[in-house]
Structures are given as structure tokens and as C-alpha cells.
Amino acid sequence: MRKKITIYYLILAIAAVSIMAFFMWRAAYFLYQGEVEEKLVFSAKLITQELSEKNQKQEIIDFNQAAAQYAQVLSGGELKRTRITFIDFTGQVLGESATDYRLMGNHLNRREVREAIEKGRGMEIRSSGTLEEKYLYVALASPETGVVTRVAVPMVQLGTLNRKIIGSSLLALCIGLMLTAVLAWRFSHILLKPINALILAMQRVAQGDYAARMHYAENDEFSQVSEGFNRMTTQLGSTVAALQEKNAQVELVLNNMVNGLIAVDSKQRIILLNGLACKMFGLESVVDALGAFFIERIRNHQINTMLQETTATGLPMIKEISGGFPEEKIYRVYSSPFRVSNSNEEGWGVVLSIHDITKIKKLEQMRTEFVSNVSHELKTPLTSIRGFIETLRNGAVKKPEVAENFLQIIDLEAERLSSLINEILQLSEIETMTQDTEINTYLLGPLVDEVLALFAEASAQKEISIAVDIPSELVITANRNRVKQMFINLIDNAIKYNVEQGWVRIKAWRTVKELVISLQDSGIGIAEAHLDRIFERFYRVDKGRSRAMGGTGLGLSIVKHIVQLYNGTVQVKSEPGEGTEFCICFPVKTKHFS
């Protein structure tokens, strides 16, 4: 504080002296400029008068020579480096003392020349285009001779005056600063002594020492401050102790709630909320929200409308709200009114209890979609089976060839139905698992060979070549059946949706942190629009073609859940007609992989 007071005094002194020096400089500058201008006018009048006399005597005037002579005479006095120019009323330069007048352009557009022709006298300060220096120009017109006499001096002559004024200002500034610094230091010491004592006592109180007291002997305004501070700390200590006990109880309840809680008064200012509510609505902190208006902190139109209705009617409400939150969530909000009646306000306050039901809603949606998809998938083969059985009953059974064909189709549909049920059971089992069992360590290469043996006939029918590049020492620690099922589903798809005489490449390698498995094929590929959804249950890129090939739509979903069971990731790259590549990464430093 002492430093600030001293600085403020110094700034005040600098400002005062600077302003005074500025106005003194301006006054002296313009005064001197006016004197120079009057001297130039006087000189111009003498020259004009002498030219008029010569004109009356009909003497021939060499204006260029006259300009040089007059400039020499004037430059010998106070007006150093005086410049004389003679210009006729058309703007043509007749003579010039500082340069060759024949090289100078028409001067009719010069302000001082134009004003002299129009009003008899003109003045301007500007840079000379010929000499590239700033001049003060004064011009007088003589109607008798038809000549404008222009007298000019460089503005640099005012520099001496500027230096004198600046020197005086700096001297005054230094003296003022020294005096101000001494006075400011003394005054700040007297003023800040009781303030520092008060600050020390307040710091002790801020640190929780409510026994801190301020002692001030002088009988002035600060003694009243001292007494008031001591009374305040005594009362504050008692109040804080009681509040801390109550706050500890309230915080214990709020912090252990599984739901968000917000309470507002009758003016819809937030008076209470817990940390979970802050997280739900993206608030920075509980302290930042307390005391603020609800609508300023909670930017959700549905909840704001609900709060307005509860405040107006005094009736509780329940709503399910989605959207308008930092995360994609679904909340069930309960609004419970309470009566506020005191000297400051009266009306209905509201307690909002917010329950996160996102998982419940997603489970309900997944269950509905699953039941719908399962019903649809089961209905197709059952309808086909029942139709063929009905046909056989109506007489087709008496035709051996037809009956045999129908029985083969019924067998295929039954097999398809059995596969669908098995995969649904597998998927359901994997989804409900949090930790796999029967974990063993074994070589990965032989496991892949076992799976490829199952598809030897299918690959041979389509003349598909399969290449495996897996190091012989590469091992995997996992449930053998799960990993085998993963490879079965991937290789089955790679063969089914491949082209004739195509190829499949299976690679595996280990990095410092991951076990990576890549399965690439030359098949029909998948459009980009489908890549984000191919791991969904019952999702098919080409539904008709998938069913015709016996696909259930659950294979890739099973693959995804097996990978997730071991904390791994699966990615797919594909383009129509360019084939597909699945890349699976298992972390090696987990309880499942080593």
C-alpha cells in the first residue's frame, strides 16, 4: 500500500508538471510563431511596397535576382535562412531565392498563394516539395504589380524554444518528484500503521483464529474501527462454530446422495445444490452457482418451464427430460414446492430432485429392439418351415422328389434357427459377464489353424487362398473358446462375402503394449455409411444377401463383445470392391493378457 501511495503521488506530480509544461510550451510556441508570422508579413509588405515603387517608375525588375537579394538581407537578421518567392497571379514562379525557379511548377494551388490572390494575404505551414523541409509561408498580393510576394522561414528555428521549454519542464519535474516522494513516504507511514495492524488481525481471523484482537491507543476514527473489529471477531467465532456443525451435517447428506439436488427460493435464486447437480448441468462449482438466478446457470428450457409452473401453482410435478445437457442423458425431474415467508420475500420455493435414468431407458430400448429383432428373425424360418410342412400335408409328401427337396429346405431353416438361438445365447452370456473364466496361455498359431480347418471346404469351393503370418512363439492368455469363436465369426464372414478366387490374410504381432491381430480379405467391401453400425445386433449391410448366405446378423456383435471382455478394441477399414480389414488390439499388461 505504501508503494502504491508513493506511486500515486508521483504520478500526480508528473501529471501536474507535464500538463503545466505542455500548456506553457503551447502558449510560448504559438506566441513565438505569431511573432515570426508578423515579422514575415512586415518583410513582405516592405518588399511589395518597394516593388510597387519600381513598377511606378517603370523600371525593369529581375525577380529572381531580387528574390536572392531580399533573402540575403532578411537572413542576416533574426529570420535565418529566409526564402523569397515571386509568383504572378496565374501561379507562374517569377523568381526564387532557394532554388532554380524555372524548375518549379505552377503555384496557383498553394493555399497561401490562393488566399493572397483572393483576400490579399495568405499563410500556411507545410513541407516544401522542392526543399523537403517544413516551412512557415506568408504571401501578400500586389494588384498594382500583379505579383504575389511569398516570404518563408524553416520551422526548425522553433527548436531552440522547444529545447528551452523542455529543459525547464524537466527541471521542475525533478524537483516536484523529489518533494512528492518525501511527502508521500511520510504520509503513507502515518496512514498505513493502523491499517497494517488491522490487516494482521484480519489475517489471523481468516486463518481461523477468532481470538485475534486489534489494539490501537490513539483516540480517533481508527479506535472505533478497533473496537468494532474486536466485537465482530467475538460474535463471529460463536456463529462460525454453530454454522460449521450444521454445514457438516448438510454436506454429509448432500455428498452421499445418488441424485442431483437443487433448491431455489421464491425469486428463483439457487440456495442449495450438490456436486452431482453441478456435474449434470456443467457448472464449474457449487460456490459459483449459489446465490445466482436459476435461469442464469441452468440453460435448459424444459426444466425452467417446469420450475416456473411449480412456483406459480405450488403443485409438485414429475417430468422426463432429455436434451439441453452437457452429455446425452435422460433425467427424471421431481419438483417439490415449499412455502417461503419472511421479511424479505414471500412465495413458493422449489426443490428439484434429478434422477439419471439414461441407463434404464437405454436398457428398455435395447430390450424392445432385441425382442423385436429376435421375433422377426425367428418368424422368418418358422414361417418357411410351417409353409413347407403345410405343402407336404396337402399332398406333396406323396411325390418323393418334391418331398425330399422340401425336407432339405426345412432342415436348412431348422439349422438356421438353431444357429440363431445359439448365437443369441452366446451373446447374452458374454454381455452379462464382467470377468471371463477358464483363462489359459497357449500358442495363437495352432488355434488359428484349427479354425481354418473348419472352413477348408467352404474356401475350396470359392477357390479362396488363405495366408497366415503369425510368429510361432506368439502366445495368448485368454479363454480359448472365446478367442476361437471370434476367429470363426471373422473368417466365416471373410469367406462368405469374398469374391471367387479371392484371398484372405491373417496376421498377428506383438508390440510393447498390445497384441495386434489383423484379418484382411479381398471381398465385396462395405460402404462407409455402414461402418459405424456393422457391430450392432441383427444389423446387415445387405439383408437379402446375408440371409441367403445363412447369416444371423449377430456374428460381428459377438466379436465386439468378446474383444471388449478383454479390454481390447476392434477397428474396421473397408471400401466397396476393395475388400475389408479388421484390426483387433488386446492390451498385454492386463489381467487377461500377458
# chains A, B, ... in the order shown; residues from 1 in each chain; ligands from 1
>>> residues_around(residues="Ile321 in chain A", least_positions_apart="6", cutoff="8 Å", atoms="only C-alpha atoms", output="PyMOL selection string")
chain A and resi 302-303+330-333
>>> residues_around(residues="Leu352 in chain A", least_positions_apart="6", cutoff="9 Å", atoms="only C-alpha atoms", output="list in words")
Gly260, Leu261, Ile262, Ala263, Val264, Leu307, Val333, Tyr334, Ser335, Ser336 and Pro337 of chain A
>>> residues_around(residues="Leu46 in chain A", least_positions_apart="4", cutoff="12 Å", atoms="only C-alpha atoms", output="count of residues only")
15
>>> atom_distance(atom1="CA of Leu444 in chain A", atom2="CA of Glu500 in chain A")
28.2 Å
>>> closest_residue(among="A:Leu103, A:Ile14, A:Leu392, A:Ala211", to="Gln235 in chain A", atoms="only C-alpha atoms")
A:Ala211
